[in-house]
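Presented below is the structure to which this report refers.
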Amino acid sequence: MKKLFTIVSLIVITALALSACGGGGTQAEDLLAQIMERGTLIVSTDPNYEPQSFLNTEGVRPADTKCASDQLTATEMQGFDVSVAVEIGNRLGVETCFATPSWDLITAGSWADKWDISVGSMTIKPSRQEVLYFTTPYYYYVAIAAALADSDLDSIDDLSGQAVCMGAATTYEDWANGVLDIPAEDIYYQPPANMTTVPLETDQECAQALAAGRTDFVAYVTAEPVVDSNIANGLPVKKIGEPLYLEKLAIAIDKSASLPTATLLEKLNEIVQAMHDDGTLSTLSLEWYGLDLTKAPGE
Amino acid sequence: MAPILKITGLDKYFGRLQVLRNINLEVNSQEVICIIGRSGSGKSTLLRCINFLEEPSAGEIEVDGLCVPAKLKGGERRKMVYDIRLRTGMVFQEFNLFPHMSVLANVMEGPVTVKKMDRTKAQQLAEKNLERVGLLMKKDEFPNRISGGQKQRVAIARALTMEPKVMLFDEPTSALDPELIGEVLAVMRNLANECMTMLVVTHEMGFAKDVADRLVVLHEGEIIEQGIPSEVFKKPSHPQTQALLERYRTG
Amino acid sequence: MSTEEHLAKEKPKKSQADLLYEAQVRSRRRFSLQVILSWIALLALLIFIFSGIEFSIGSFTVRTIDLDSDFIKENLAFIAGGAGQTILICVMSIILATFLALMAALGRLSKFAPIVALSSFYVSLIRGTPLYLQVFFFFLALPQLGIILPGLWAGVIALGLNYGAYMSEIFRAGLSSVGKGQREAAFALGMTSGQMMLRIVIPQALRFAIPPTGNEFIAMLKDSALVSATGFVHELMWRATKVGRAQFNNLEALIIAAVFYWIMTLIFSSLQSRLEAYMSRGER
């Protein structure tokens, strides 16, 4: 009888293991080849942000999709990053599928080959470059602080001694803690003295908490387009002061991917450059942001 | 004729307390033995050593030619204990029916699971024994719907269906309301008339006098007296037996 | 005799006992009615708090929470779609959990020291760490062992393993609820330990464990929300938070999710009561 249980447990474990390792197939020579073979480009994005990346709740999943069951298809997603990713997939000749891990899993690297690339408005910074490869930037924006529209804060110095909110594991948190490691020429303002940081799950939480009347903090720091979007959606907030620093946003690839990624990186850089040159990126930026954010400052 | 049950030099300790001292007993086929004694005299323990529900500390148990010494170990012990249990059937004070099975399923359980008997055959056998105890009409009932006396009769049928050589009864009526005792004793009486070898631990003196071939008196783990019930009642030779019977007469 | 006198003669006098009984039934019914009315009042109060109505009495203003009803209308169906995933996850997890709980309970009773140790180690480890942590752990650790599982499977394993540890207590109680006497009767019939376990103890333990397991399932409906912490399972809570964040309607989205969790709980609780009533039918 005890034997019966041992046998049953062994069967269950084996079945699980087999179903897990099922996805292997032929071993491609590098990640780019595997993508072409598979016919899908798996892109990670965290659908928290309008207009970068958010769910298309009315989208219908196509019946003939090659995407896995826990990946979303292009029709189920929308946004600037989503459109960029789909365009890249088109130029590679494959279907674009979206995996939706939480943001800190994406920035930490060690993706365990669960997705191929990240197109998620990720800022290039040296600490991330230790675990990820970045392409050339596909667009740029600045970080800025925002507060309630009727507050009397209107410059960065006013934030001295105050509590300020931002998304956890973002460059905004780094900046607020004085540890932002991007090139000095891209940082316009240092954080004021005695500022306390209140990191929440995402900066969206910050905006909504302020709007809902919470007083745990008086301002929040995030990307300028996000604040624009907050205002456009009717949140009673305003920008405070000048832009804080420049963010260069690029596509990322996991350094610890099990297949070689050099060819993929090269190809992506090619595609990004082409999309800059033929105006695709500018068009998409205008469509989603109302501004062309794809030109490097000084261009 | 060799005795069908032979207990030789049986000792039993619970920790440091000695509960059975050098028990020697022979039971012949078709004999009905009633074992009496005060509580704590070791009567139940004696019975439970026979089918190894208690592990004897010393001595030998022999049933139908199979001799099992105390303190055997491992696989050999398992096999011999199993064989002894096939030769004996036990009826418990608390009935111990399986509540999640119907009466018929309870009675069939032994042959089907232990002897791997064909279900149809087992069912026929079970129904025959239910008939024997007068409960065939209750075969599809569940134990919680029948009375105590009926439960005990089903328990008897269940033990009988294993076709044992010796039936062991451990105070079969002690947990029953007085008006239900009679039906169980009647079944046991019939069994005796049908020539089943029975060892009965009981306080029912009436039954002992009428049905038992031999009375065995236990006191502090020892057999102090045994003999034909009517004689033991009339002229108990041991003072303790006297005291015991006094209690029964006045009680 | 006139018809009236006849009828008067025919009608039996109600005994004292009958009258008492009827009075009891009436007062019980009255009480139930009062409970139901109170429920409705509480529900109405809850709805009022979220109605957005604002009014003043003199200098005293009553403000209620104003919800964006457009958002609710547009996204209700999408968020509700996650409920299917939630139920799927829970059904699979409870099966795994039941299996593990039974194994752990049996393991604790084993004669082999390593098995006893394994069972208690498993229970202690899982009960000693948060479910949230375990979900991430399975997501991050398994790939390093070479096991790649789709998000759903990793979630089911984490949830099943977690609940299995807590439910092992239920099965331990179930196993010990089978009296010693029954085991002795089984042995007296000549059954081996294994046969006794399989035929006598486990069937009863399982029956014993069904109502508490039902309760665990209902708790699990809400814990399943943690399975999407890594972002790979698109169940009810995940859909609500993503849609809510992107459209700045966290509160509305969470309320929709809350309502659906409540509805699911109510449905399964009622099924659970029916099941318990059915199972205790046989008892006296």
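Residues are named by chain letter and number: chains run A, B, ... in the order of the structure tokens, numbers start at 1 in each chain, and ligands are numbered from 1 in the order shown.
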For this session: Select all residues from chain B having any atom no more than 6 Å from an atom of chain C (counting only C-alpha atoms, ignoring ligands), output as a PyMOL selection string.
Result: chain B and resi 82+85-86+96+110+114
Exercise. So which residues touch range 211-226 of chain C within 7 Å, counting only C-alpha atoms, skipping near sequence neighbours fewer than 3 positions away, as a VMD selection string?
Worked result: chain C and resid 86 90 94 132 229 237 261 265 268 272 276
For this session: Write down as a PyMOL selection string the residues belonging to range 29-254 of chain C that are assigned strand (DSSP E or B) by DSSP computed on the backbone.
Result: chain C and resi 54-57+60-63
Restricting it to N, CA and C atoms, dump the selection as a tab-separated table (two decimals), in the first residue's frame.
```
chain	number	residue	atom	x	y	z
C	54	GLU	N	-23.78	62.93	-2.33
C	54	GLU	CA	-23.24	63.90	-1.37
C	54	GLU	C	-24.37	64.81	-0.95
C	55	PHE	N	-24.53	65.00	0.34
C	55	PHE	CA	-25.56	65.94	0.77
C	55	PHE	C	-25.18	66.54	2.11
C	56	SER	N	-25.78	67.69	2.41
C	56	SER	CA	-25.47	68.36	3.68
C	56	SER	C	-26.71	68.51	4.52
C	57	ILE	N	-26.50	68.30	5.82
C	57	ILE	CA	-27.57	68.59	6.76
C	57	ILE	C	-27.05	69.71	7.64
C	60	PHE	N	-23.30	70.01	8.41
C	60	PHE	CA	-22.69	68.68	8.40
C	60	PHE	C	-22.83	68.08	7.00
C	61	THR	N	-21.68	67.77	6.37
C	61	THR	CA	-21.73	67.23	5.00
C	61	THR	C	-21.47	65.73	5.02
C	62	VAL	N	-22.27	64.99	4.30
C	62	VAL	CA	-22.04	63.56	4.15
C	62	VAL	C	-21.47	63.30	2.76
C	63	ARG	N	-20.26	62.76	2.75
C	63	ARG	CA	-19.65	62.48	1.44
C	63	ARG	C	-19.51	60.97	1.27
```
Problem set entry | Selection: 10 Å around Ala240 in chain C, only C-alpha atoms, excl. self and same-chain fewer than 3 positions, as a list in words | Asn75, Leu76, Phe78, Ile79, Ala80, Gly82, His234, Glu235, Leu236, Met237, Val243, Gly244, Arg245, Asn249, Asn250, Leu251, Glu252, Ala253, Leu254, Ile255, Ile256, Ala257 and Ala258 of chain C
Problem set entry | Counting only C-alpha atoms, the option among C:Ala101, C:Leu45, C:Phe260, C:Ser273 closest to Ala77 in chain C |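 For Ala77 in chain C, the nearest of the candidates is C:Phe260.
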Problem set entry | Distance in Å - CA of Ala113 in chain C versus CA of Arg172 in chain C |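 Those two atoms sit 17.5 Å apart.
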What's around Ala163 in chain A at 9 Å? Count only C-alpha atoms, leave out sequence neighbours fewer than 4 positions away in its own chain, and write the answer as a PDB file with C-alpha atoms, in the first residue's frame.
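Result went into result.pdb, see below:
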```pdb
ATOM      1  CA  LEU A 159      10.794  69.347  -2.015  1.00  0.00           C
ATOM      2  CA  ASN A 194      16.484  65.702   3.444  1.00  0.00           C
ATOM      3  CA  MET A 195      14.010  64.338   0.996  1.00  0.00           C
ATOM      4  CA  THR A 196      12.380  61.087   2.140  1.00  0.00           C
ATOM      5  CA  THR A 197      11.553  58.484  -0.456  1.00  0.00           C
ATOM      6  CA  VAL A 198       8.333  56.497  -0.459  1.00  0.00           C
ATOM      7  CA  ASP A 216       1.961  60.033   2.966  1.00  0.00           C
ATOM      8  CA  PHE A 217       3.899  62.134   0.460  1.00  0.00           C
ATOM      9  CA  VAL A 218       3.498  65.460  -1.288  1.00  0.00           C
ATOM     10  CA  ALA A 219       4.945  64.748  -4.724  1.00  0.00           C
ATOM     11  CA  TYR A 220       6.065  61.972  -7.004  1.00  0.00           C
TER      12      TYR A 220
END
```
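Here CA of Ile4 in chain B is placed at a distance of 14.9 Å from CA of Asp213 in chain B.
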For this session: Quick one: everything within 10 Å of Leu160 in chain B, counting only C-alpha atoms, minus sequence neighbours fewer than 4 positions away in the same chain. Send it as a PyMOL selection string.
Result: (chain B and resi 88-91+107+110+125-126+129-130+132+154-156+164-167+191+196) or (chain C and resi 189)
Output C-alpha atoms of each residue in that selection to a file, as a PDB file, in the first residue's frame.
```
ATOM      1  CA  THR B  88      -9.104 -17.380  14.834  1.00  0.00           C
ATOM      2  CA  GLY B  89     -12.021 -14.973  14.801  1.00  0.00           C
ATOM      3  CA  MET B  90     -12.515 -12.242  17.374  1.00  0.00           C
ATOM      4  CA  VAL B  91     -15.614 -10.443  18.599  1.00  0.00           C
ATOM      5  CA  VAL B 107     -19.161  -9.154   6.685  1.00  0.00           C
ATOM      6  CA  GLY B 110     -12.497 -10.372   5.392  1.00  0.00           C
ATOM      7  CA  LEU B 125     -20.829 -16.838   2.327  1.00  0.00           C
ATOM      8  CA  ALA B 126     -21.556 -13.524   4.020  1.00  0.00           C
ATOM      9  CA  ASN B 129     -23.659 -16.095   8.014  1.00  0.00           C
ATOM     10  CA  LEU B 130     -25.976 -13.094   8.257  1.00  0.00           C
ATOM     11  CA  ARG B 132     -27.210 -17.561  10.740  1.00  0.00           C
ATOM     12  CA  VAL B 154     -23.097  -8.539  12.595  1.00  0.00           C
ATOM     13  CA  ALA B 155     -19.645  -8.556  14.187  1.00  0.00           C
ATOM     14  CA  ILE B 156     -20.104 -12.243  14.953  1.00  0.00           C
ATOM     15  CA  PRO B 164     -12.039 -19.711  11.830  1.00  0.00           C
ATOM     16  CA  LYS B 165     -11.254 -22.775  13.896  1.00  0.00           C
ATOM     17  CA  VAL B 166     -11.625 -20.912  17.185  1.00  0.00           C
ATOM     18  CA  MET B 167     -13.884 -17.979  18.028  1.00  0.00           C
ATOM     19  CA  LEU B 191     -22.916 -21.336  17.618  1.00  0.00           C
ATOM     20  CA  MET B 196     -17.852 -24.096  17.192  1.00  0.00           C
TER      21      MET B 196
ATOM     22  CA  LEU C 189      -9.533 -10.523  10.388  1.00  0.00           C
TER      23      LEU C 189
END
```
Write out as a short mmCIF file (atom, residue, chain, number, x, y, z; two decimals) with N, CA and C atoms, in the first residue's frame the residues lying within 12 Å of Lys71 in chain B, counting only C-alpha atoms and excluding same-chain residues fewer than 3 positions away.
```
data_model
loop_
_atom_site.label_atom_id
_atom_site.label_comp_id
_atom_site.auth_asym_id
_atom_site.auth_seq_id
_atom_site.Cartn_x
_atom_site.Cartn_y
_atom_site.Cartn_z
N LEU B 10 2.55 -18.92 29.02
CA LEU B 10 2.36 -17.55 28.55
C LEU B 10 2.57 -16.55 29.67
N ASP B 11 3.52 -15.62 29.46
CA ASP B 11 3.72 -14.49 30.36
C ASP B 11 3.44 -13.23 29.58
N LYS B 12 2.93 -12.21 30.28
CA LYS B 12 2.79 -10.93 29.59
C LYS B 12 3.10 -9.81 30.57
N CYS B 49 -3.74 -12.14 23.44
CA CYS B 49 -2.43 -12.73 23.13
C CYS B 49 -2.59 -13.88 22.14
N PHE B 52 -2.46 -12.44 18.91
CA PHE B 52 -1.32 -11.50 18.83
C PHE B 52 -1.72 -10.04 18.66
N GLU B 54 -2.05 -8.50 21.32
CA GLU B 54 -1.02 -8.16 22.29
C GLU B 54 0.14 -9.10 22.04
N GLU B 55 1.34 -8.59 22.20
CA GLU B 55 2.53 -9.40 21.97
C GLU B 55 2.91 -10.15 23.24
N PRO B 56 2.86 -11.50 23.25
CA PRO B 56 3.24 -12.23 24.47
C PRO B 56 4.70 -11.96 24.82
N SER B 57 4.99 -11.88 26.12
CA SER B 57 6.38 -11.66 26.53
C SER B 57 7.15 -12.97 26.54
N ALA B 58 6.46 -14.06 26.80
CA ALA B 58 7.12 -15.38 26.79
C ALA B 58 6.05 -16.43 26.57
N GLY B 59 6.47 -17.58 26.08
CA GLY B 59 5.52 -18.69 25.93
C GLY B 59 5.22 -18.99 24.49
N GLU B 60 4.23 -19.83 24.28
CA GLU B 60 3.87 -20.27 22.93
C GLU B 60 2.37 -20.32 22.77
N ILE B 61 1.89 -19.99 21.60
CA ILE B 61 0.47 -20.12 21.28
C ILE B 61 0.38 -21.11 20.13
N VAL B 68 3.20 -20.76 17.46
CA VAL B 68 3.90 -19.48 17.31
C VAL B 68 4.50 -19.10 18.65
N GLY B 74 10.37 -9.84 12.69
CA GLY B 74 10.44 -9.61 11.24
C GLY B 74 9.45 -10.37 10.40
N GLU B 76 9.21 -13.39 9.38
CA GLU B 76 8.72 -14.70 9.83
C GLU B 76 7.56 -14.50 10.79
N ARG B 77 7.72 -13.49 11.67
CA ARG B 77 6.68 -13.22 12.65
C ARG B 77 5.39 -12.81 11.93
N ARG B 78 5.56 -11.94 10.95
CA ARG B 78 4.40 -11.44 10.22
C ARG B 78 3.61 -12.59 9.63
N MET B 80 3.58 -15.80 10.50
CA MET B 80 2.98 -16.71 11.46
C MET B 80 1.78 -16.06 12.15
N VAL B 81 1.92 -14.77 12.45
CA VAL B 81 0.80 -14.07 13.09
C VAL B 81 -0.39 -14.04 12.13
#
```
For this session: Specify as a list in words all residues of chain C found within 7 Å of chain A, counting only C-alpha atoms.
Result: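 Using only C-alpha atoms, chain C residues at most 7 Å from chain A: Asn75, Phe78, Pro143, Ile147, Ile148, Leu149, Pro150, Gly151, Gly194, Gln195, Leu198, Thr230, Gly231, Phe232, Val233, Lys242, Val243, Arg245, Ala246, Gln247 and Phe248 of chain C.
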Can I get the selected residues back with N, CA and C atoms, as a PDB file, in the first residue's frame?
```pdb
ATOM      1  N   ASN C  75     -14.929  47.831 -18.410  1.00  0.00           N
ATOM      2  CA  ASN C  75     -13.929  46.816 -18.088  1.00  0.00           C
ATOM      3  C   ASN C  75     -14.440  45.639 -17.267  1.00  0.00           C
ATOM      4  N   PHE C  78     -13.943  42.207 -19.011  1.00  0.00           N
ATOM      5  CA  PHE C  78     -12.550  41.773 -19.114  1.00  0.00           C
ATOM      6  C   PHE C  78     -12.029  41.278 -17.780  1.00  0.00           C
ATOM      7  N   PRO C 143      13.639  27.144 -12.846  1.00  0.00           N
ATOM      8  CA  PRO C 143      14.415  27.181 -14.093  1.00  0.00           C
ATOM      9  C   PRO C 143      15.883  26.868 -13.855  1.00  0.00           C
ATOM     10  N   ILE C 147      14.026  23.003 -14.828  1.00  0.00           N
ATOM     11  CA  ILE C 147      12.596  22.748 -15.014  1.00  0.00           C
ATOM     12  C   ILE C 147      11.925  24.042 -15.435  1.00  0.00           C
ATOM     13  N   ILE C 148      11.476  24.083 -16.668  1.00  0.00           N
ATOM     14  CA  ILE C 148      10.771  25.276 -17.148  1.00  0.00           C
ATOM     15  C   ILE C 148       9.288  24.963 -17.201  1.00  0.00           C
ATOM     16  N   LEU C 149       8.518  25.690 -16.418  1.00  0.00           N
ATOM     17  CA  LEU C 149       7.078  25.454 -16.417  1.00  0.00           C
ATOM     18  C   LEU C 149       6.338  26.712 -16.822  1.00  0.00           C
ATOM     19  N   PRO C 150       5.258  26.556 -17.562  1.00  0.00           N
ATOM     20  CA  PRO C 150       4.442  27.744 -17.842  1.00  0.00           C
ATOM     21  C   PRO C 150       3.952  28.331 -16.526  1.00  0.00           C
ATOM     22  N   GLY C 151       3.679  29.649 -16.540  1.00  0.00           N
ATOM     23  CA  GLY C 151       3.304  30.342 -15.317  1.00  0.00           C
ATOM     24  C   GLY C 151       2.208  29.657 -14.529  1.00  0.00           C
ATOM     25  N   GLY C 194      -1.117  -2.443   5.411  1.00  0.00           N
ATOM     26  CA  GLY C 194      -1.445  -1.782   4.156  1.00  0.00           C
ATOM     27  C   GLY C 194      -2.904  -1.914   3.810  1.00  0.00           C
ATOM     28  N   GLN C 195      -3.442  -3.118   3.946  1.00  0.00           N
ATOM     29  CA  GLN C 195      -4.848  -3.335   3.628  1.00  0.00           C
ATOM     30  C   GLN C 195      -5.730  -2.537   4.576  1.00  0.00           C
ATOM     31  N   LEU C 198      -5.676   1.101   3.504  1.00  0.00           N
ATOM     32  CA  LEU C 198      -6.345   1.347   2.234  1.00  0.00           C
ATOM     33  C   LEU C 198      -7.845   1.133   2.324  1.00  0.00           C
ATOM     34  N   THR C 230       4.162  37.107  -9.969  1.00  0.00           N
ATOM     35  CA  THR C 230       5.267  37.165 -10.919  1.00  0.00           C
ATOM     36  C   THR C 230       4.813  37.703 -12.268  1.00  0.00           C
ATOM     37  N   GLY C 231       3.546  37.849 -12.434  1.00  0.00           N
ATOM     38  CA  GLY C 231       3.046  38.446 -13.666  1.00  0.00           C
ATOM     39  C   GLY C 231       2.680  37.477 -14.753  1.00  0.00           C
ATOM     40  N   PHE C 232       2.803  36.183 -14.474  1.00  0.00           N
ATOM     41  CA  PHE C 232       2.602  35.243 -15.573  1.00  0.00           C
ATOM     42  C   PHE C 232       1.258  34.557 -15.595  1.00  0.00           C
ATOM     43  N   VAL C 233       0.417  34.831 -14.616  1.00  0.00           N
ATOM     44  CA  VAL C 233      -0.899  34.194 -14.636  1.00  0.00           C
ATOM     45  C   VAL C 233      -1.922  35.294 -14.686  1.00  0.00           C
ATOM     46  N   LYS C 242      -3.820  45.533 -13.493  1.00  0.00           N
ATOM     47  CA  LYS C 242      -3.236  46.103 -14.708  1.00  0.00           C
ATOM     48  C   LYS C 242      -4.167  47.137 -15.332  1.00  0.00           C
ATOM     49  N   VAL C 243      -5.420  46.762 -15.464  1.00  0.00           N
ATOM     50  CA  VAL C 243      -6.372  47.682 -16.065  1.00  0.00           C
ATOM     51  C   VAL C 243      -6.544  48.913 -15.175  1.00  0.00           C
ATOM     52  N   ARG C 245      -4.401  50.211 -13.003  1.00  0.00           N
ATOM     53  CA  ARG C 245      -3.243  51.099 -13.017  1.00  0.00           C
ATOM     54  C   ARG C 245      -3.197  51.915 -14.269  1.00  0.00           C
ATOM     55  N   ALA C 246      -3.311  51.229 -15.394  1.00  0.00           N
ATOM     56  CA  ALA C 246      -3.135  51.917 -16.672  1.00  0.00           C
ATOM     57  C   ALA C 246      -4.166  53.017 -16.842  1.00  0.00           C
ATOM     58  N   GLN C 247      -5.366  52.805 -16.338  1.00  0.00           N
ATOM     59  CA  GLN C 247      -6.413  53.794 -16.540  1.00  0.00           C
ATOM     60  C   GLN C 247      -6.686  54.620 -15.294  1.00  0.00           C
ATOM     61  N   PHE C 248      -5.803  54.547 -14.301  1.00  0.00           N
ATOM     62  CA  PHE C 248      -5.918  55.366 -13.089  1.00  0.00           C
ATOM     63  C   PHE C 248      -7.222  55.116 -12.348  1.00  0.00           C
TER      64      PHE C 248
END
```
Seminar exercise, completed: Judged by only C-alpha atoms, the minimum distance to Leu100 in chain C among C:Leu140, C:Leu145, C:Met197, C:Val123 is found for C:Val123
Using 10 Å as the limit and counting only C-alpha atoms, can you tabulate each residue of range 201-238 of chain A that touches range 274-296 of chain A, with its shortest atom-to-atom distance in Å and the two atoms involved, as JSON lines?
```
{"residue": "A:Pro225", "atom": "CA", "partner": "A:Tyr289", "partner_atom": "CA", "distance": 7.0}
{"residue": "A:Val226", "atom": "CA", "partner": "A:Tyr289", "partner_atom": "CA", "distance": 9.6}
{"residue": "A:Asp228", "atom": "CA", "partner": "A:Tyr289", "partner_atom": "CA", "distance": 8.7}
{"residue": "A:Ser229", "atom": "CA", "partner": "A:Tyr289", "partner_atom": "CA", "distance": 8.5}
```
The selected residues should be written to file as a PDB file, in the first residue's frame (atoms: N, CA and C atoms).
```pdb
ATOM      1  N   PRO A 225       6.264  61.879 -19.794  1.00  0.00           N
ATOM      2  CA  PRO A 225       5.058  61.429 -20.498  1.00  0.00           C
ATOM      3  C   PRO A 225       4.020  60.818 -19.559  1.00  0.00           C
ATOM      4  N   VAL A 226       4.493  60.199 -18.468  1.00  0.00           N
ATOM      5  CA  VAL A 226       3.530  59.610 -17.542  1.00  0.00           C
ATOM      6  C   VAL A 226       2.726  60.713 -16.856  1.00  0.00           C
ATOM      7  N   ASP A 228       2.191  63.678 -18.077  1.00  0.00           N
ATOM      8  CA  ASP A 228       1.282  64.202 -19.106  1.00  0.00           C
ATOM      9  C   ASP A 228       0.033  63.346 -19.210  1.00  0.00           C
ATOM     10  N   SER A 229       0.258  62.040 -19.167  1.00  0.00           N
ATOM     11  CA  SER A 229      -0.860  61.111 -19.270  1.00  0.00           C
ATOM     12  C   SER A 229      -1.775  61.219 -18.051  1.00  0.00           C
TER      13      SER A 229
END
```
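The interatomic distance for the pair CA of Ile224 in chain B and CA of Met198 in chain B works out to 20.3 Å.
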Exercise. As a PyMOL selection string, which residues of range 47-213 of chain A does DSSP assign to alpha helix (DSSP H)?
Worked result: chain A and resi 80-92+103-107+126-129+171-176+203-211
For this session: Tell me which protein, DNA and RNA residues are within 9 Å of range 140-143 of chain A, counting only C-alpha atoms, leaving out same-chain ones fewer than 4 positions away, and put them as an NGL selection string.
Result: :A and (121 or 123 or 171-172 or 221-225 or 243-250 or 293-297)
